[in-house]
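Coordinates as given in entry-v2.txt (compact mmCIF, N, CA and C atoms):
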```txt
# COMPACT_ATOMS: atom_id res chain seq x y z
N MET A 1 10.38 10.72 6.69
CA MET A 1 10.42 11.60 5.56
C MET A 1 9.00 12.12 5.32
N THR A 2 8.86 13.41 5.17
CA THR A 2 7.56 14.03 4.89
C THR A 2 7.58 14.59 3.47
N ILE A 3 6.53 14.29 2.72
CA ILE A 3 6.40 14.74 1.33
C ILE A 3 5.02 15.35 1.17
N ILE A 4 4.95 16.48 0.47
CA ILE A 4 3.68 17.09 0.10
C ILE A 4 3.47 16.86 -1.39
N THR A 5 2.32 16.30 -1.74
CA THR A 5 1.97 16.15 -3.15
C THR A 5 0.78 17.06 -3.44
N ASN A 6 0.72 17.55 -4.66
CA ASN A 6 -0.31 18.53 -5.01
C ASN A 6 -1.37 17.99 -5.95
N ASN A 7 -1.24 16.72 -6.34
CA ASN A 7 -2.24 16.10 -7.20
C ASN A 7 -2.00 14.59 -7.22
N GLU A 8 -2.92 13.87 -7.81
CA GLU A 8 -2.84 12.41 -7.84
C GLU A 8 -1.59 11.92 -8.56
N PHE A 9 -1.22 12.61 -9.64
CA PHE A 9 -0.03 12.21 -10.40
C PHE A 9 1.22 12.27 -9.52
N GLU A 10 1.36 13.33 -8.74
CA GLU A 10 2.52 13.45 -7.85
C GLU A 10 2.52 12.36 -6.78
N THR A 11 1.34 12.00 -6.30
CA THR A 11 1.24 10.92 -5.31
C THR A 11 1.68 9.61 -5.95
N MET A 12 1.26 9.36 -7.19
CA MET A 12 1.70 8.16 -7.91
C MET A 12 3.22 8.18 -8.10
N CYS A 13 3.77 9.31 -8.43
CA CYS A 13 5.22 9.41 -8.65
C CYS A 13 6.00 9.08 -7.38
N GLU A 14 5.49 9.50 -6.24
CA GLU A 14 6.16 9.17 -4.97
C GLU A 14 6.10 7.67 -4.71
N GLY A 15 4.98 7.05 -5.04
CA GLY A 15 4.88 5.60 -4.92
C GLY A 15 5.85 4.90 -5.86
N GLU A 16 5.98 5.43 -7.07
CA GLU A 16 6.90 4.83 -8.04
C GLU A 16 8.34 4.90 -7.54
N LYS A 17 8.72 6.04 -6.97
CA LYS A 17 10.08 6.18 -6.43
C LYS A 17 10.34 5.13 -5.36
N LEU A 18 9.39 4.95 -4.46
CA LEU A 18 9.56 3.94 -3.42
C LEU A 18 9.60 2.54 -4.03
N GLY A 19 8.70 2.28 -4.97
CA GLY A 19 8.61 0.96 -5.60
C GLY A 19 9.90 0.52 -6.26
N ARG A 20 10.64 1.46 -6.83
CA ARG A 20 11.90 1.11 -7.51
C ARG A 20 12.91 0.49 -6.55
N GLY A 21 12.82 0.83 -5.27
CA GLY A 21 13.79 0.32 -4.31
C GLY A 21 13.32 -0.88 -3.51
N LEU A 22 12.08 -1.29 -3.71
CA LEU A 22 11.55 -2.41 -2.93
C LEU A 22 12.05 -3.74 -3.48
N HIS A 23 11.98 -4.76 -2.64
CA HIS A 23 12.46 -6.08 -3.01
C HIS A 23 11.48 -7.13 -2.50
N SER A 24 11.69 -8.35 -2.92
CA SER A 24 10.85 -9.45 -2.45
C SER A 24 10.81 -9.45 -0.93
N GLY A 25 9.60 -9.54 -0.39
CA GLY A 25 9.43 -9.57 1.05
C GLY A 25 9.14 -8.22 1.68
N SER A 26 9.22 -7.14 0.90
CA SER A 26 8.91 -5.81 1.44
C SER A 26 7.42 -5.72 1.76
N VAL A 27 7.11 -5.03 2.85
CA VAL A 27 5.73 -4.77 3.24
C VAL A 27 5.56 -3.27 3.41
N VAL A 28 4.51 -2.73 2.78
CA VAL A 28 4.20 -1.31 2.87
C VAL A 28 2.81 -1.17 3.47
N ALA A 29 2.74 -0.59 4.67
CA ALA A 29 1.47 -0.40 5.37
C ALA A 29 0.99 1.02 5.11
N LEU A 30 -0.19 1.15 4.51
CA LEU A 30 -0.75 2.44 4.11
C LEU A 30 -1.88 2.82 5.06
N TYR A 31 -1.77 4.02 5.63
CA TYR A 31 -2.76 4.52 6.60
C TYR A 31 -3.37 5.80 6.05
N GLY A 32 -4.69 5.94 6.16
CA GLY A 32 -5.35 7.16 5.74
C GLY A 32 -6.79 6.92 5.39
N GLY A 33 -7.57 7.97 5.41
CA GLY A 33 -9.00 7.87 5.17
C GLY A 33 -9.36 7.72 3.70
N LEU A 34 -10.66 7.69 3.45
CA LEU A 34 -11.17 7.60 2.08
C LEU A 34 -10.65 8.77 1.26
N GLY A 35 -10.18 8.48 0.06
CA GLY A 35 -9.73 9.51 -0.84
C GLY A 35 -8.40 10.15 -0.49
N ALA A 36 -7.64 9.52 0.41
CA ALA A 36 -6.38 10.10 0.85
C ALA A 36 -5.24 9.87 -0.14
N GLY A 37 -5.39 8.92 -1.06
CA GLY A 37 -4.36 8.69 -2.06
C GLY A 37 -3.67 7.34 -1.97
N LYS A 38 -4.19 6.44 -1.16
CA LYS A 38 -3.55 5.14 -0.96
C LYS A 38 -3.49 4.32 -2.26
N THR A 39 -4.57 4.28 -3.00
CA THR A 39 -4.58 3.50 -4.24
C THR A 39 -3.71 4.16 -5.30
N ALA A 40 -3.72 5.47 -5.39
CA ALA A 40 -2.85 6.17 -6.35
C ALA A 40 -1.39 5.87 -6.04
N PHE A 41 -1.04 5.91 -4.76
CA PHE A 41 0.33 5.60 -4.35
C PHE A 41 0.68 4.17 -4.74
N THR A 42 -0.25 3.24 -4.55
CA THR A 42 -0.01 1.84 -4.89
C THR A 42 0.14 1.66 -6.40
N ARG A 43 -0.58 2.44 -7.19
CA ARG A 43 -0.37 2.40 -8.65
C ARG A 43 1.08 2.75 -8.96
N GLY A 44 1.60 3.75 -8.26
CA GLY A 44 3.00 4.12 -8.43
C GLY A 44 3.95 3.02 -7.99
N LEU A 45 3.65 2.38 -6.85
CA LEU A 45 4.48 1.26 -6.40
C LEU A 45 4.57 0.21 -7.50
N ALA A 46 3.42 -0.13 -8.07
CA ALA A 46 3.39 -1.14 -9.13
C ALA A 46 4.27 -0.72 -10.31
N LYS A 47 4.15 0.52 -10.71
CA LYS A 47 4.97 1.01 -11.82
C LYS A 47 6.44 0.92 -11.48
N GLY A 48 6.80 1.30 -10.26
CA GLY A 48 8.19 1.22 -9.82
C GLY A 48 8.72 -0.21 -9.80
N LEU A 49 7.82 -1.17 -9.59
CA LEU A 49 8.19 -2.58 -9.60
C LEU A 49 8.20 -3.16 -11.02
N GLY A 50 7.87 -2.33 -12.01
CA GLY A 50 7.85 -2.80 -13.40
C GLY A 50 6.58 -3.51 -13.80
N ILE A 51 5.53 -3.33 -13.02
CA ILE A 51 4.24 -3.97 -13.32
C ILE A 51 3.45 -3.06 -14.24
N GLU A 52 2.96 -3.60 -15.35
CA GLU A 52 2.25 -2.79 -16.33
C GLU A 52 0.74 -2.91 -16.23
N SER A 53 0.24 -3.83 -15.42
CA SER A 53 -1.21 -4.01 -15.27
C SER A 53 -1.84 -2.79 -14.61
N ALA A 54 -3.11 -2.55 -14.94
CA ALA A 54 -3.86 -1.48 -14.28
C ALA A 54 -4.14 -1.91 -12.84
N VAL A 55 -3.88 -1.03 -11.90
CA VAL A 55 -4.07 -1.31 -10.47
C VAL A 55 -5.35 -0.64 -10.00
N SER A 56 -6.19 -1.44 -9.34
CA SER A 56 -7.44 -0.89 -8.79
C SER A 56 -7.55 -1.30 -7.33
N SER A 57 -8.42 -0.61 -6.62
CA SER A 57 -8.62 -0.90 -5.21
C SER A 57 -9.23 -2.29 -5.04
N PRO A 58 -8.67 -3.09 -4.13
CA PRO A 58 -9.21 -4.44 -3.90
C PRO A 58 -10.26 -4.49 -2.79
N THR A 59 -11.05 -3.45 -2.64
CA THR A 59 -11.99 -3.36 -1.52
C THR A 59 -12.88 -4.59 -1.41
N PHE A 60 -13.42 -5.07 -2.50
CA PHE A 60 -14.35 -6.20 -2.43
C PHE A 60 -13.64 -7.54 -2.56
N ALA A 61 -12.47 -7.55 -3.19
CA ALA A 61 -11.72 -8.79 -3.36
C ALA A 61 -10.80 -9.06 -2.17
N ILE A 62 -10.53 -8.07 -1.36
CA ILE A 62 -9.59 -8.08 -0.23
C ILE A 62 -8.14 -8.02 -0.72
N VAL A 63 -7.78 -8.80 -1.74
CA VAL A 63 -6.41 -8.75 -2.26
C VAL A 63 -6.43 -8.92 -3.78
N ASN A 64 -5.63 -8.09 -4.45
CA ASN A 64 -5.39 -8.22 -5.88
C ASN A 64 -3.92 -8.57 -6.07
N GLU A 65 -3.64 -9.45 -7.00
CA GLU A 65 -2.27 -9.85 -7.29
C GLU A 65 -1.87 -9.32 -8.66
N TYR A 66 -0.68 -8.75 -8.73
CA TYR A 66 -0.14 -8.22 -9.97
C TYR A 66 1.22 -8.86 -10.18
N HIS A 67 1.44 -9.37 -11.38
CA HIS A 67 2.66 -10.13 -11.64
C HIS A 67 3.67 -9.31 -12.42
N GLY A 68 4.91 -9.41 -12.00
CA GLY A 68 6.05 -8.77 -12.63
C GLY A 68 7.29 -9.49 -12.14
N LYS A 69 8.46 -8.86 -12.32
CA LYS A 69 9.70 -9.47 -11.80
C LYS A 69 9.56 -9.73 -10.31
N VAL A 70 8.97 -8.77 -9.62
CA VAL A 70 8.60 -8.95 -8.22
C VAL A 70 7.09 -8.74 -8.17
N PRO A 71 6.32 -9.75 -7.75
CA PRO A 71 4.87 -9.58 -7.71
C PRO A 71 4.44 -8.58 -6.63
N LEU A 72 3.29 -7.99 -6.84
CA LEU A 72 2.69 -7.08 -5.88
C LEU A 72 1.39 -7.68 -5.41
N PHE A 73 1.24 -7.77 -4.09
CA PHE A 73 -0.01 -8.23 -3.47
C PHE A 73 -0.62 -7.01 -2.80
N HIS A 74 -1.72 -6.54 -3.35
CA HIS A 74 -2.36 -5.29 -2.92
C HIS A 74 -3.59 -5.62 -2.10
N PHE A 75 -3.50 -5.37 -0.80
CA PHE A 75 -4.56 -5.69 0.15
C PHE A 75 -5.37 -4.45 0.50
N ASP A 76 -6.64 -4.66 0.80
CA ASP A 76 -7.50 -3.61 1.33
C ASP A 76 -8.23 -4.17 2.55
N MET A 77 -7.91 -3.64 3.71
CA MET A 77 -8.44 -4.16 4.96
C MET A 77 -9.75 -3.50 5.38
N TYR A 78 -10.29 -2.62 4.56
CA TYR A 78 -11.47 -1.83 4.92
C TYR A 78 -12.63 -2.69 5.40
N ARG A 79 -12.85 -3.81 4.76
CA ARG A 79 -14.01 -4.65 5.08
C ARG A 79 -13.73 -5.69 6.17
N LEU A 80 -12.48 -5.78 6.62
CA LEU A 80 -12.16 -6.76 7.65
C LEU A 80 -12.48 -6.21 9.03
N GLU A 81 -12.87 -7.09 9.92
CA GLU A 81 -13.22 -6.71 11.28
C GLU A 81 -12.08 -6.93 12.27
N SER A 82 -11.10 -7.78 11.90
CA SER A 82 -10.04 -8.08 12.85
C SER A 82 -8.81 -8.64 12.13
N GLU A 83 -7.70 -8.66 12.84
CA GLU A 83 -6.48 -9.26 12.32
C GLU A 83 -6.68 -10.74 12.05
N THR A 84 -7.51 -11.39 12.84
CA THR A 84 -7.78 -12.82 12.66
C THR A 84 -8.28 -13.09 11.24
N GLU A 85 -9.15 -12.22 10.73
CA GLU A 85 -9.66 -12.41 9.37
C GLU A 85 -8.54 -12.31 8.35
N LEU A 86 -7.58 -11.43 8.59
CA LEU A 86 -6.44 -11.30 7.67
C LEU A 86 -5.64 -12.59 7.65
N PHE A 87 -5.37 -13.15 8.81
CA PHE A 87 -4.62 -14.41 8.86
C PHE A 87 -5.44 -15.55 8.27
N ASP A 88 -6.76 -15.49 8.39
CA ASP A 88 -7.63 -16.52 7.81
C ASP A 88 -7.56 -16.55 6.29
N ILE A 89 -7.29 -15.41 5.66
CA ILE A 89 -7.20 -15.39 4.19
C ILE A 89 -5.79 -15.70 3.69
N GLY A 90 -4.89 -16.04 4.61
CA GLY A 90 -3.56 -16.48 4.19
C GLY A 90 -2.48 -15.42 4.22
N TRP A 91 -2.59 -14.44 5.10
CA TRP A 91 -1.59 -13.37 5.20
C TRP A 91 -0.17 -13.95 5.30
N ASP A 92 0.02 -14.93 6.17
CA ASP A 92 1.36 -15.53 6.32
C ASP A 92 1.87 -16.11 5.00
N ASP A 93 0.98 -16.72 4.24
CA ASP A 93 1.38 -17.28 2.95
C ASP A 93 1.83 -16.19 1.99
N TYR A 94 1.11 -15.06 1.97
CA TYR A 94 1.50 -13.96 1.11
C TYR A 94 2.86 -13.42 1.51
N LEU A 95 3.12 -13.31 2.80
CA LEU A 95 4.41 -12.82 3.27
C LEU A 95 5.54 -13.74 2.82
N ASP A 96 5.25 -15.02 2.70
CA ASP A 96 6.27 -16.01 2.32
C ASP A 96 6.43 -16.19 0.82
N ARG A 97 5.58 -15.58 0.02
CA ARG A 97 5.59 -15.83 -1.43
C ARG A 97 6.62 -15.03 -2.19
N GLY A 98 7.32 -14.13 -1.54
CA GLY A 98 8.41 -13.43 -2.22
C GLY A 98 7.98 -12.23 -3.04
N GLY A 99 6.86 -11.64 -2.72
CA GLY A 99 6.44 -10.43 -3.41
C GLY A 99 6.50 -9.24 -2.48
N VAL A 100 5.93 -8.15 -2.94
CA VAL A 100 5.76 -6.94 -2.13
C VAL A 100 4.30 -6.90 -1.70
N CYS A 101 4.05 -6.70 -0.42
CA CYS A 101 2.69 -6.55 0.08
C CYS A 101 2.43 -5.08 0.38
N ALA A 102 1.41 -4.52 -0.26
CA ALA A 102 0.96 -3.16 0.01
C ALA A 102 -0.42 -3.27 0.64
N VAL A 103 -0.61 -2.67 1.81
CA VAL A 103 -1.83 -2.89 2.58
C VAL A 103 -2.53 -1.57 2.87
N GLU A 104 -3.69 -1.37 2.23
CA GLU A 104 -4.52 -0.20 2.52
C GLU A 104 -5.34 -0.46 3.78
N TRP A 105 -5.66 0.62 4.49
CA TRP A 105 -6.42 0.55 5.74
C TRP A 105 -5.68 -0.29 6.78
N SER A 106 -4.39 -0.08 6.87
CA SER A 106 -3.54 -0.82 7.81
C SER A 106 -3.92 -0.60 9.26
N GLU A 107 -4.58 0.51 9.54
CA GLU A 107 -4.99 0.79 10.93
C GLU A 107 -5.93 -0.26 11.48
N LYS A 108 -6.54 -1.05 10.58
CA LYS A 108 -7.47 -2.10 11.02
C LYS A 108 -6.75 -3.38 11.46
N VAL A 109 -5.45 -3.51 11.11
CA VAL A 109 -4.70 -4.73 11.44
C VAL A 109 -3.29 -4.38 11.95
N PRO A 110 -3.18 -3.52 12.94
CA PRO A 110 -1.87 -2.99 13.34
C PRO A 110 -0.86 -4.03 13.82
N GLY A 111 -1.32 -5.14 14.35
CA GLY A 111 -0.40 -6.14 14.86
C GLY A 111 0.04 -7.17 13.85
N ALA A 112 -0.37 -7.01 12.59
CA ALA A 112 -0.10 -8.04 11.58
C ALA A 112 1.23 -7.84 10.85
N PHE A 113 1.88 -6.71 11.06
CA PHE A 113 3.02 -6.38 10.22
C PHE A 113 4.35 -6.85 10.80
N PRO A 114 5.20 -7.40 9.93
CA PRO A 114 6.51 -7.86 10.40
C PRO A 114 7.44 -6.68 10.66
N SER A 115 8.53 -6.94 11.37
CA SER A 115 9.53 -5.90 11.55
C SER A 115 10.06 -5.51 10.18
N GLY A 116 10.44 -4.27 10.04
CA GLY A 116 10.94 -3.78 8.76
C GLY A 116 9.87 -3.23 7.84
N THR A 117 8.61 -3.25 8.28
CA THR A 117 7.52 -2.72 7.46
C THR A 117 7.71 -1.22 7.23
N ILE A 118 7.48 -0.81 6.01
CA ILE A 118 7.49 0.62 5.66
C ILE A 118 6.09 1.15 5.90
N VAL A 119 5.98 2.25 6.62
CA VAL A 119 4.69 2.85 6.95
C VAL A 119 4.54 4.15 6.17
N VAL A 120 3.39 4.27 5.49
CA VAL A 120 3.07 5.51 4.77
C VAL A 120 1.74 6.02 5.31
N LYS A 121 1.78 7.19 5.95
CA LYS A 121 0.57 7.82 6.49
C LYS A 121 0.18 8.98 5.59
N PHE A 122 -1.09 8.97 5.18
CA PHE A 122 -1.62 9.98 4.27
C PHE A 122 -2.51 10.94 5.05
N GLU A 123 -2.30 12.22 4.83
CA GLU A 123 -3.16 13.24 5.43
C GLU A 123 -3.68 14.13 4.31
N ILE A 124 -4.99 14.32 4.25
CA ILE A 124 -5.58 15.20 3.26
C ILE A 124 -5.38 16.64 3.72
N ILE A 125 -4.73 17.44 2.89
CA ILE A 125 -4.52 18.85 3.19
C ILE A 125 -5.68 19.67 2.62
N ASP A 126 -5.98 19.42 1.35
CA ASP A 126 -7.12 20.05 0.69
C ASP A 126 -7.57 19.12 -0.43
N GLU A 127 -8.42 19.59 -1.29
CA GLU A 127 -8.99 18.73 -2.33
C GLU A 127 -7.95 17.97 -3.13
N ASN A 128 -6.81 18.58 -3.40
CA ASN A 128 -5.79 17.94 -4.24
C ASN A 128 -4.51 17.57 -3.50
N SER A 129 -4.17 18.27 -2.44
CA SER A 129 -2.88 18.11 -1.78
C SER A 129 -2.93 17.08 -0.65
N ARG A 130 -1.81 16.36 -0.52
CA ARG A 130 -1.68 15.34 0.50
C ARG A 130 -0.33 15.47 1.19
N ARG A 131 -0.31 15.15 2.47
CA ARG A 131 0.95 15.04 3.20
C ARG A 131 1.20 13.55 3.42
N LEU A 132 2.36 13.08 2.97
CA LEU A 132 2.75 11.69 3.14
C LEU A 132 3.90 11.65 4.13
N GLU A 133 3.72 10.86 5.17
CA GLU A 133 4.77 10.64 6.16
C GLU A 133 5.23 9.20 5.98
N ILE A 134 6.49 9.03 5.53
CA ILE A 134 7.00 7.71 5.22
C ILE A 134 8.11 7.37 6.21
N THR A 135 7.92 6.24 6.92
CA THR A 135 8.90 5.79 7.91
C THR A 135 9.14 4.30 7.77
N GLY A 136 10.17 3.84 8.40
CA GLY A 136 10.48 2.40 8.39
C GLY A 136 11.78 2.14 7.68
N ASP A 137 11.98 0.90 7.29
CA ASP A 137 13.21 0.48 6.62
C ASP A 137 13.15 0.86 5.15
N LEU A 138 13.44 2.12 4.87
CA LEU A 138 13.36 2.62 3.51
C LEU A 138 14.56 2.17 2.69
N PRO A 139 14.32 1.83 1.42
CA PRO A 139 15.44 1.47 0.55
C PRO A 139 16.30 2.70 0.27
N CYS A 140 17.55 2.49 -0.03
CA CYS A 140 18.47 3.60 -0.34
C CYS A 140 18.15 4.21 -1.68
```
Show the structure stored in the file as structure tokens.
Amino acid sequence: MTIITNNEFETMCEGEKLGRGLHSGSVVALYGGLGAGKTAFTRGLAKGLGIESAVSSPTFAIVNEYHGKVPLFHFDMYRLESETELFDIGWDDYLDRGGVCAVEWSEKVPGAFPSGTIVVKFEIIDENSRRLEITGDLPC
């Protein structure tokens, strides 16, 4: 599915739509450069999951946890050098905890994702517009 968004709010809304259909154990791999809209989309995912906490990029923390009916584990792989580092911080444990994992900079850990992962690729069209290509086991 290809979607064009024209501002950050629309990108968040697309994340919210996806978030409403996610369930425990869902993994969303986010691909795209700096400023492509990955964190805005994740804010929408959180809202769709019923999470009211403010969502920020976990660049320095590696992972932020947000609690709701279904928890959200928001990862940022930007600072990691390899998939090994992801597994060292407990990736398998997060997958088993029954939340939704949203992973920014997924291109850095391509072999870490389980089957059924939803992939969202962000392309910057211009200052405000983004092309989102969403594939994988999408919820109905």
- Query: Between A:Phe73, A:Phe41, A:Phe60, A:Tyr66, which has the minimum distance to Thr5 (chain A) (counting only C-alpha atoms)?
  - Reply: A:Phe41
- Rounded to one decimal place, report the atom C of Lys121 (chain A)-atom N of Ala46 (chain A) distance in Å.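 Spanning atom C of Lys121 (chain A) to atom N of Ala46 (chain A) is a straight-line distance of 16.7 Å.
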Within 12 Å of region 7-14 of chain A, which residues of region 65-125 of chain A come that close, and what is the closest atom pair and distance in Å for each? Count only C-alpha atoms and give it as CSV.
```
residue,atom,partner,partner_atom,distance
A:Val120,CA,A:Glu14,CA,10.9
A:Phe122,CA,A:Thr11,CA,10.0
A:Glu123,CA,A:Thr11,CA,11.8
A:Ile124,CA,A:Asn7,CA,11.0
A:Ile125,CA,A:Asn7,CA,11.0
```
- Rounded to one decimal in Å, what is the spacing between CA of Gly116 (chain A) and CA of Trp91 (chain A)?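 CA of Trp91 (chain A) lies at a distance of 16.2 Å from CA of Gly116 (chain A).
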- Task: Find the residues near region 19-25 of chain A: any atom within 8 Å, counting only N, CA and C atoms, skip ones fewer than 2 places away on the same chain, and give them as an MDAnalysis selection string.
- Result: chainID A and resid 13:17 27:28 44:50 69:71 94:101 116 138:140
- Query: Which of region 4-139 of chain A counts as strand (DSSP E or B) under DSSP, as a PyMOL selection string please?
  - Reply: chain A and resi 4-5+27-31+63-66+72-76+100-104+118-124+130-135
Could region 48-71 of chain A be completed with N, CA, C and O atoms and returned as a PDB file, in the frame of the given file?
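Saved result, selection-v5.pdb, follows:
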```pdb
ATOM      1  N   GLY A  48       6.800   1.300 -10.260  1.00  0.00           N
ATOM      2  CA  GLY A  48       8.190   1.220  -9.820  1.00  0.00           C
ATOM      3  C   GLY A  48       8.720  -0.210  -9.800  1.00  0.00           C
ATOM      4  O   GLY A  48       9.913  -0.445  -9.958  1.00  0.00           O
ATOM      5  N   LEU A  49       7.820  -1.170  -9.590  1.00  0.00           N
ATOM      6  CA  LEU A  49       8.190  -2.580  -9.600  1.00  0.00           C
ATOM      7  C   LEU A  49       8.200  -3.160 -11.020  1.00  0.00           C
ATOM      8  O   LEU A  49       8.482  -4.335 -11.208  1.00  0.00           O
ATOM      9  N   GLY A  50       7.870  -2.330 -12.010  1.00  0.00           N
ATOM     10  CA  GLY A  50       7.850  -2.800 -13.400  1.00  0.00           C
ATOM     11  C   GLY A  50       6.580  -3.510 -13.800  1.00  0.00           C
ATOM     12  O   GLY A  50       6.543  -4.197 -14.820  1.00  0.00           O
ATOM     13  N   ILE A  51       5.530  -3.330 -13.020  1.00  0.00           N
ATOM     14  CA  ILE A  51       4.240  -3.970 -13.320  1.00  0.00           C
ATOM     15  C   ILE A  51       3.450  -3.060 -14.240  1.00  0.00           C
ATOM     16  O   ILE A  51       3.272  -1.875 -13.941  1.00  0.00           O
ATOM     17  N   GLU A  52       2.960  -3.600 -15.350  1.00  0.00           N
ATOM     18  CA  GLU A  52       2.250  -2.790 -16.330  1.00  0.00           C
ATOM     19  C   GLU A  52       0.740  -2.910 -16.230  1.00  0.00           C
ATOM     20  O   GLU A  52       0.015  -2.154 -16.862  1.00  0.00           O
ATOM     21  N   SER A  53       0.240  -3.830 -15.420  1.00  0.00           N
ATOM     22  CA  SER A  53      -1.210  -4.010 -15.270  1.00  0.00           C
ATOM     23  C   SER A  53      -1.840  -2.790 -14.610  1.00  0.00           C
ATOM     24  O   SER A  53      -1.217  -2.107 -13.797  1.00  0.00           O
ATOM     25  N   ALA A  54      -3.110  -2.550 -14.940  1.00  0.00           N
ATOM     26  CA  ALA A  54      -3.860  -1.480 -14.280  1.00  0.00           C
ATOM     27  C   ALA A  54      -4.140  -1.910 -12.840  1.00  0.00           C
ATOM     28  O   ALA A  54      -4.560  -3.039 -12.581  1.00  0.00           O
ATOM     29  N   VAL A  55      -3.880  -1.030 -11.900  1.00  0.00           N
ATOM     30  CA  VAL A  55      -4.070  -1.310 -10.470  1.00  0.00           C
ATOM     31  C   VAL A  55      -5.350  -0.640 -10.000  1.00  0.00           C
ATOM     32  O   VAL A  55      -5.568   0.551 -10.231  1.00  0.00           O
ATOM     33  N   SER A  56      -6.190  -1.440  -9.340  1.00  0.00           N
ATOM     34  CA  SER A  56      -7.440  -0.890  -8.790  1.00  0.00           C
ATOM     35  C   SER A  56      -7.550  -1.300  -7.330  1.00  0.00           C
ATOM     36  O   SER A  56      -6.881  -2.216  -6.867  1.00  0.00           O
ATOM     37  N   SER A  57      -8.420  -0.610  -6.620  1.00  0.00           N
ATOM     38  CA  SER A  57      -8.620  -0.900  -5.210  1.00  0.00           C
ATOM     39  C   SER A  57      -9.230  -2.290  -5.040  1.00  0.00           C
ATOM     40  O   SER A  57     -10.209  -2.626  -5.687  1.00  0.00           O
ATOM     41  N   PRO A  58      -8.670  -3.090  -4.130  1.00  0.00           N
ATOM     42  CA  PRO A  58      -9.210  -4.440  -3.900  1.00  0.00           C
ATOM     43  C   PRO A  58     -10.260  -4.490  -2.790  1.00  0.00           C
ATOM     44  O   PRO A  58     -10.370  -5.479  -2.085  1.00  0.00           O
ATOM     45  N   THR A  59     -11.050  -3.450  -2.640  1.00  0.00           N
ATOM     46  CA  THR A  59     -11.990  -3.360  -1.520  1.00  0.00           C
ATOM     47  C   THR A  59     -12.880  -4.590  -1.410  1.00  0.00           C
ATOM     48  O   THR A  59     -13.071  -5.112  -0.319  1.00  0.00           O
ATOM     49  N   PHE A  60     -13.420  -5.070  -2.500  1.00  0.00           N
ATOM     50  CA  PHE A  60     -14.350  -6.200  -2.430  1.00  0.00           C
ATOM     51  C   PHE A  60     -13.640  -7.540  -2.560  1.00  0.00           C
ATOM     52  O   PHE A  60     -14.126  -8.551  -2.080  1.00  0.00           O
ATOM     53  N   ALA A  61     -12.470  -7.550  -3.190  1.00  0.00           N
ATOM     54  CA  ALA A  61     -11.720  -8.790  -3.360  1.00  0.00           C
ATOM     55  C   ALA A  61     -10.800  -9.060  -2.170  1.00  0.00           C
ATOM     56  O   ALA A  61     -10.310 -10.167  -2.013  1.00  0.00           O
ATOM     57  N   ILE A  62     -10.530  -8.070  -1.360  1.00  0.00           N
ATOM     58  CA  ILE A  62      -9.590  -8.080  -0.230  1.00  0.00           C
ATOM     59  C   ILE A  62      -8.140  -8.020  -0.720  1.00  0.00           C
ATOM     60  O   ILE A  62      -7.332  -7.282  -0.182  1.00  0.00           O
ATOM     61  N   VAL A  63      -7.780  -8.800  -1.740  1.00  0.00           N
ATOM     62  CA  VAL A  63      -6.410  -8.750  -2.260  1.00  0.00           C
ATOM     63  C   VAL A  63      -6.430  -8.920  -3.780  1.00  0.00           C
ATOM     64  O   VAL A  63      -7.170  -9.733  -4.316  1.00  0.00           O
ATOM     65  N   ASN A  64      -5.630  -8.090  -4.450  1.00  0.00           N
ATOM     66  CA  ASN A  64      -5.390  -8.220  -5.880  1.00  0.00           C
ATOM     67  C   ASN A  64      -3.920  -8.570  -6.070  1.00  0.00           C
ATOM     68  O   ASN A  64      -3.059  -8.023  -5.376  1.00  0.00           O
ATOM     69  N   GLU A  65      -3.640  -9.450  -7.000  1.00  0.00           N
ATOM     70  CA  GLU A  65      -2.270  -9.850  -7.290  1.00  0.00           C
ATOM     71  C   GLU A  65      -1.870  -9.320  -8.660  1.00  0.00           C
ATOM     72  O   GLU A  65      -2.617  -9.467  -9.630  1.00  0.00           O
ATOM     73  N   TYR A  66      -0.680  -8.750  -8.730  1.00  0.00           N
ATOM     74  CA  TYR A  66      -0.140  -8.220  -9.970  1.00  0.00           C
ATOM     75  C   TYR A  66       1.220  -8.860 -10.180  1.00  0.00           C
ATOM     76  O   TYR A  66       2.058  -8.887  -9.275  1.00  0.00           O
ATOM     77  N   HIS A  67       1.440  -9.370 -11.380  1.00  0.00           N
ATOM     78  CA  HIS A  67       2.660 -10.130 -11.640  1.00  0.00           C
ATOM     79  C   HIS A  67       3.670  -9.310 -12.420  1.00  0.00           C
ATOM     80  O   HIS A  67       3.334  -8.596 -13.362  1.00  0.00           O
ATOM     81  N   GLY A  68       4.910  -9.410 -12.000  1.00  0.00           N
ATOM     82  CA  GLY A  68       6.050  -8.770 -12.630  1.00  0.00           C
ATOM     83  C   GLY A  68       7.290  -9.490 -12.140  1.00  0.00           C
ATOM     84  O   GLY A  68       7.212 -10.577 -11.579  1.00  0.00           O
ATOM     85  N   LYS A  69       8.460  -8.860 -12.320  1.00  0.00           N
ATOM     86  CA  LYS A  69       9.700  -9.470 -11.800  1.00  0.00           C
ATOM     87  C   LYS A  69       9.560  -9.730 -10.310  1.00  0.00           C
ATOM     88  O   LYS A  69       9.999 -10.749  -9.802  1.00  0.00           O
ATOM     89  N   VAL A  70       8.970  -8.770  -9.620  1.00  0.00           N
ATOM     90  CA  VAL A  70       8.600  -8.950  -8.220  1.00  0.00           C
ATOM     91  C   VAL A  70       7.090  -8.740  -8.170  1.00  0.00           C
ATOM     92  O   VAL A  70       6.593  -7.677  -8.540  1.00  0.00           O
ATOM     93  N   PRO A  71       6.320  -9.750  -7.750  1.00  0.00           N
ATOM     94  CA  PRO A  71       4.870  -9.580  -7.710  1.00  0.00           C
ATOM     95  C   PRO A  71       4.440  -8.580  -6.630  1.00  0.00           C
ATOM     96  O   PRO A  71       5.157  -8.370  -5.647  1.00  0.00           O
TER      97      PRO A  71
END
```
